[in-house]
Protein chains: 2
Amino acid sequence: MARRVVVIGADAAGMSAASQAKRAGGDALDVVAFERQGWTSYAACGIPYWIAGDVAGPDALIARSPEQHRARGVDVRIGTTVTGIDLSAREVAVEGPTGADRHGFDDLVVATGARPVRPPIPGIDAQGVFGIQTLDDGAAILAWLDALGGVDGSRGRAVVIGAGYIGVEMAEALQRHGLDVTVVDQAAHPMSTLDADMGDQVREAMEALGCRMVLEAVVERITVDADGRVTGVVVAGDLFPADVVVLGIGVRPETGLAVAAGVPIGEHGGLMTDDRMRVVDADGAPIPGVWAAGDCTEVHDRITGERIHVPLGTYANKQGRVLGINLGGGSARFAGVVRTAIVRVCDLEIARTGLRERDVAGLGLNAVSAVIRSTTRAGYFPGAEPMAVKAIAERGSGRLLGVQIVGRAGSAKRIDTAAVALWNRMTAADLADVDLAYAPPFSPVWDPVAIAARKVAEAARSMPAVSDRMR
Amino acid sequence: MARRVVVIGADAAGMSAASQAKRAGGDALDVVAFERQGWTSYAACGIPYWIAGDVAGPDALIARSPEQHRARGVDVRIGTTVTGIDLSAREVAVEGPTGADRHGFDDLVVATGARPVRPPIPGIDAQGVFGIQTLDDGAAILAWLDALGGVDGSRGRAVVIGAGYIGVEMAEALQRHGLDVTVVDQAAHPMSTLDADMGDQVREAMEALGCRMVLEAVVERITVDADGRVTGVVVAGDLFPADVVVLGIGVRPETGLAVAAGVPIGEHGGLMTDDRMRVVDADGAPIPGVWAAGDCTEVHDRITGERIHVPLGTYANKQGRVLGINLGGGSARFAGVVRTAIVRVCDLEIARTGLRERDVAGLGLNAVSAVIRSTTRAGYFPGAEPMAVKAIAERGSGRLLGVQIVGRAGSAKRIDTAAVALWNRMTAADLADVDLAYAPPFSPVWDPVAIAARKVAEAARSMPAVSDRMR
């Protein structure tokens, strides 16, 4: 008899796992995937671009439909919500189009993803307040924007709460719909994934794009009309009228089902796994037959050795693949992360990898940093665009700890150079020596990442007394 | 009394060395640089773009003028040719605007660069046949092109001999001048720095741009009119009429002065140095007080451990910097190269790093390769451009040996990811695991370089009997 695999959640992590397992295990595995919404394997990262009109969604965002998965032998049940997990009885309770049911398993894959943070403020549940996490969210906000009539001669007003990745992407998307956009954040600068000095460059660029940035400000409440529709956001006593509100405050691991079944979670609220993607208990021992991948898990940070929660599509895909190979009888390990991330806002590119200065202090590391300004191409070459690179290194050892980039077209993907360097625990001086590609249309003779690495390597050798870069 | 330093050659390598030495050594060093032409510290790599009209040359290409160098304490003598080196007497013979002279030194920096290969064929010295190596070469060909009248209703006909970096860049530049361009090469595909399969993609692209590609063909002679002007090129018995001919066959280290002074050269014709940029003899022992950097030297290849000759501006700058620091009393080492190079032809981008398949066989390595096709952005994202990546790895160990990229805008600078991987002797499987940056405007979820690394890692694990990729 075939081994029964139940997958909860049919997005990137779950369906990568299901596909790989079925591919490796073939008829020896009987794989069922339950998905409460109507879609499978979609590029959630593309949703803001769908809303902006760059991408013809939702079809273009779907890597593989339920039918395509079924053709490959995975029994996908869309519109079916798992309501409970019974680890002793080895079964899940489900509610779907045909009513409630129970479904037995030998192996369980938890790929329940994450949910947008909805702060407990008055009005948060008003019509016109949207999280941006699923294709349904995308369809809902697009319908809402279509229905908005012109307001006072404009297309209307939007408030985005939170200036992280989703917040800045959605600010651009809403501007593209002709809305007047205000972005609110508690921090002093957008992109808290960057240090303040680099984040401030993002603020300047977003203001130049016409976004109103309301920073170091707490949202008190959302105002609502008699029909339950949003009318505005009160921030530090000021009312910002709004026809639509987007929540970009971040996400939390969706672990309710697993927790209810007695599975422990980590410090950051995610399921804990080993590098084979087996869910582990508080002592690090695998829970037999329980696996997890994607945004509902914590990941191993290679730099600090800590578990962290970083919900990214790349991790979901990689973890799902590793999980599926192991589940199918093969052997694979998820090697961890170095916190690489990238985002584009209009023609501004933003990337980071490794630790920020603000992370370093808390870890007992003695670090220095350097910020340089250079260009994406040789300075004399047409299309050379400005870019700033910040590099952080450990004083003394000179070990590279992190890099951040803010610049125009052609800047940010260079972060990969630093990511590979961090992966190999290189010193900043060694990164500066690497034989990086140069020709005038591609780079100055010294690549900007190498320049920053050289500068921070020099700072890392200097004595504390003569360095003003010390934190 | 100050130590006397003589620098021969005032381009990237020589003047990086002179500047760094003076910066570090200050008044303890008396630095004189002799340059037979009229320019210092220029970006030779930019010359084809100047000729193409992308760059306002030659001023834009000059990083630092003779006057600027003098203001920093380096005594630059332009228009002054060093005619001999006497290592016993510790002096050089020079001929300059004020006649012949001799100049003593304690330390000698040889930065004489490289010269274009001029094959010994009839007509090679005709008017209208140009190498592209110096700013004077750029000015000369531009004057020639300006003087060309319309020929048969077109702006004229050009033949480029050699389809390497300079050849393909010049093919584009000449097309931009309205010329009908033919490119001739002995090899079966352009860009012999790539393997045949990737080079063939370059051929297709160049033909699509309107270049006539004459491959696997030997140039027999250059035809000349009664005034000594070029009229055509005879290739394998066929005459290709030409109003201008460009030599892009490569360059050789310019070591005549050093050789005449008794300094030995390496297998590839370049001066041999240690990693501090001291010139060494055949036994590897430094020759006291003799230094060298740039295109006249051989460089250490980190992958094979061999000395190779790769004339690149990045190496010249890095070696010059290292040389200058050591000469000025500091301590620095040139860490070697992994053969990274990049070029653009119209909207086609081409890059390579590490070894090609053809290199591998000669080294006794058992290697496999994989070629993948992907896109520069998420497939559904506007502006996603095609790119092909070839990865080469050692069978069994899975060690990454080389990567080649051919693609459209946004492809080729990703080679740096592979360069850092090679630098760290990573396996292809490890490179595939690295936390590379992903967002839809920048990459598919799996970066194309990671996809290629994954594929070749799988091939490297396979048994010889089932792999058809073996070379």
# chains A, B, ... in the order shown; residues from 1 in each chain; ligands from 1
call {"tool": "closest_atom_pairs", "arguments": {"of": "chain A", "to": "chain B", "cutoff": "6 Å", "atoms": "only C-alpha atoms", "output": "tab-separated table"}}
result
residue	atom	partner	partner_atom	distance
A:Ala60	CA	B:Tyr380	CA	5.8
A:Thr314	CA	B:Val445	CA	5.6
A:Val337	CA	B:Asp435	CA	5.5
A:Thr340	CA	B:Ala437	CA	5.6
A:Ala341	CA	B:Ala437	CA	5.3
A:Ile342	CA	B:Ala437	CA	5.8
A:Tyr380	CA	B:Ala60	CA	5.9
A:Asp416	CA	B:Leu436	CA	5.3
A:Thr417	CA	B:Thr417	CA	5.1
A:Asp435	CA	B:Val337	CA	5.5
A:Leu436	CA	B:Asp416	CA	5.3
A:Ala437	CA	B:Ala341	CA	5.3
A:Val445	CA	B:Thr314	CA	5.7
call {"tool": "write_last_selection", "arguments": {"atoms": "C-alpha atoms", "output": "short mmCIF file (atom, residue, chain, number, x, y, z; two decimals), in the first residue's frame"}}
result
data_model
loop_
_atom_site.label_atom_id
_atom_site.label_comp_id
_atom_site.auth_asym_id
_atom_site.auth_seq_id
_atom_site.Cartn_x
_atom_site.Cartn_y
_atom_site.Cartn_z
CA ALA A 60 0.50 34.95 -15.29
CA THR A 314 12.93 31.74 -2.60
CA VAL A 337 20.05 31.78 4.60
CA THR A 340 19.39 38.41 1.16
CA ALA A 341 16.46 40.50 -0.09
CA ILE A 342 15.78 42.91 -2.93
CA TYR A 380 31.83 58.27 -18.43
CA ASP A 416 24.50 38.52 -4.86
CA THR A 417 28.26 39.05 -4.93
CA ASP A 435 38.06 39.01 -9.94
CA LEU A 436 34.69 40.68 -10.65
CA ALA A 437 33.59 41.44 -14.19
CA VAL A 445 36.92 49.41 -13.04
#
call {"tool": "residues_around", "arguments": {"residues": "B:Met15", "least_positions_apart": "4", "cutoff": "12 Å", "atoms": "only C-alpha atoms", "output": "MDAnalysis selection string"}}
result
chainID B and resid 6:11 19:23 31:35 39:42 62:66 68:70 72:76 109:112 292:294 316:324
call {"tool": "select_by_dssp", "arguments": {"residues": "stretch 78-145 of chain B", "states": "helix (DSSP H, G or I)", "output": "PyMOL selection string"}}
result
chain B and resi 135-145
call {"tool": "write_last_selection", "arguments": {"atoms": "N, CA, C and O atoms", "output": "PDB file, in the first residue's frame"}}
result
ATOM      1  N   LEU B 135      44.903  55.667 -26.942  1.00  0.00           N
ATOM      2  CA  LEU B 135      44.091  56.815 -27.336  1.00  0.00           C
ATOM      3  C   LEU B 135      44.517  57.334 -28.707  1.00  0.00           C
ATOM      4  O   LEU B 135      43.674  57.786 -29.492  1.00  0.00           O
ATOM      5  N   ASP B 136      45.817  57.246 -29.007  1.00  0.00           N
ATOM      6  CA  ASP B 136      46.274  57.661 -30.339  1.00  0.00           C
ATOM      7  C   ASP B 136      45.618  56.799 -31.421  1.00  0.00           C
ATOM      8  O   ASP B 136      45.230  57.306 -32.478  1.00  0.00           O
ATOM      9  N   ASP B 137      45.517  55.487 -31.145  1.00  0.00           N
ATOM     10  CA  ASP B 137      44.830  54.617 -32.105  1.00  0.00           C
ATOM     11  C   ASP B 137      43.383  55.073 -32.308  1.00  0.00           C
ATOM     12  O   ASP B 137      42.868  55.092 -33.425  1.00  0.00           O
ATOM     13  N   GLY B 138      42.729  55.426 -31.210  1.00  0.00           N
ATOM     14  CA  GLY B 138      41.335  55.868 -31.303  1.00  0.00           C
ATOM     15  C   GLY B 138      41.204  57.133 -32.130  1.00  0.00           C
ATOM     16  O   GLY B 138      40.344  57.244 -33.011  1.00  0.00           O
ATOM     17  N   ALA B 139      42.088  58.100 -31.842  1.00  0.00           N
ATOM     18  CA  ALA B 139      42.046  59.361 -32.599  1.00  0.00           C
ATOM     19  C   ALA B 139      42.322  59.103 -34.073  1.00  0.00           C
ATOM     20  O   ALA B 139      41.693  59.698 -34.964  1.00  0.00           O
ATOM     21  N   ALA B 140      43.262  58.193 -34.353  1.00  0.00           N
ATOM     22  CA  ALA B 140      43.644  57.933 -35.741  1.00  0.00           C
ATOM     23  C   ALA B 140      42.491  57.307 -36.521  1.00  0.00           C
ATOM     24  O   ALA B 140      42.185  57.715 -37.663  1.00  0.00           O
ATOM     25  N   ILE B 141      41.816  56.330 -35.955  1.00  0.00           N
ATOM     26  CA  ILE B 141      40.744  55.682 -36.714  1.00  0.00           C
ATOM     27  C   ILE B 141      39.557  56.632 -36.855  1.00  0.00           C
ATOM     28  O   ILE B 141      38.898  56.663 -37.902  1.00  0.00           O
ATOM     29  N   LEU B 142      39.310  57.447 -35.852  1.00  0.00           N
ATOM     30  CA  LEU B 142      38.204  58.403 -35.970  1.00  0.00           C
ATOM     31  C   LEU B 142      38.469  59.401 -37.097  1.00  0.00           C
ATOM     32  O   LEU B 142      37.570  59.732 -37.876  1.00  0.00           O
ATOM     33  N   ALA B 143      39.718  59.869 -37.199  1.00  0.00           N
ATOM     34  CA  ALA B 143      40.067  60.795 -38.279  1.00  0.00           C
ATOM     35  C   ALA B 143      39.882  60.099 -39.631  1.00  0.00           C
ATOM     36  O   ALA B 143      39.373  60.692 -40.593  1.00  0.00           O
ATOM     37  N   TRP B 144      40.283  58.856 -39.693  1.00  0.00           N
ATOM     38  CA  TRP B 144      40.152  58.079 -40.931  1.00  0.00           C
ATOM     39  C   TRP B 144      38.679  57.910 -41.317  1.00  0.00           C
ATOM     40  O   TRP B 144      38.297  58.096 -42.474  1.00  0.00           O
ATOM     41  N   LEU B 145      37.860  57.569 -40.339  1.00  0.00           N
ATOM     42  CA  LEU B 145      36.430  57.371 -40.613  1.00  0.00           C
ATOM     43  C   LEU B 145      35.783  58.679 -41.061  1.00  0.00           C
ATOM     44  O   LEU B 145      34.943  58.702 -41.960  1.00  0.00           O
TER      45      LEU B 145
END
call {"tool": "select_by_dssp", "arguments": {"residues": "stretch 211-354 of chain A", "states": "strand (DSSP E)", "output": "count of residues only"}}
result
52
call {"tool": "atom_distance", "arguments": {"atom1": "atom CA of B:Glu458", "atom2": "atom CA of A:Pro288"}}
result
29.2 Å
call {"tool": "closest_residue", "arguments": {"among": "B:Val117, B:Ile124, B:Ala242, B:Val233", "to": "B:Ala158", "atoms": "only C-alpha atoms"}}
result
B:Ala242
call {"tool": "residues_around", "arguments": {"residues": "stretch 243-249 of chain A", "least_positions_apart": "3", "cutoff": "8 Å", "atoms": "only C-alpha atoms", "output": "MDAnalysis selection string"}}
result
chainID A and resid 116:118 128:132 145 148 156:167 170 230:232
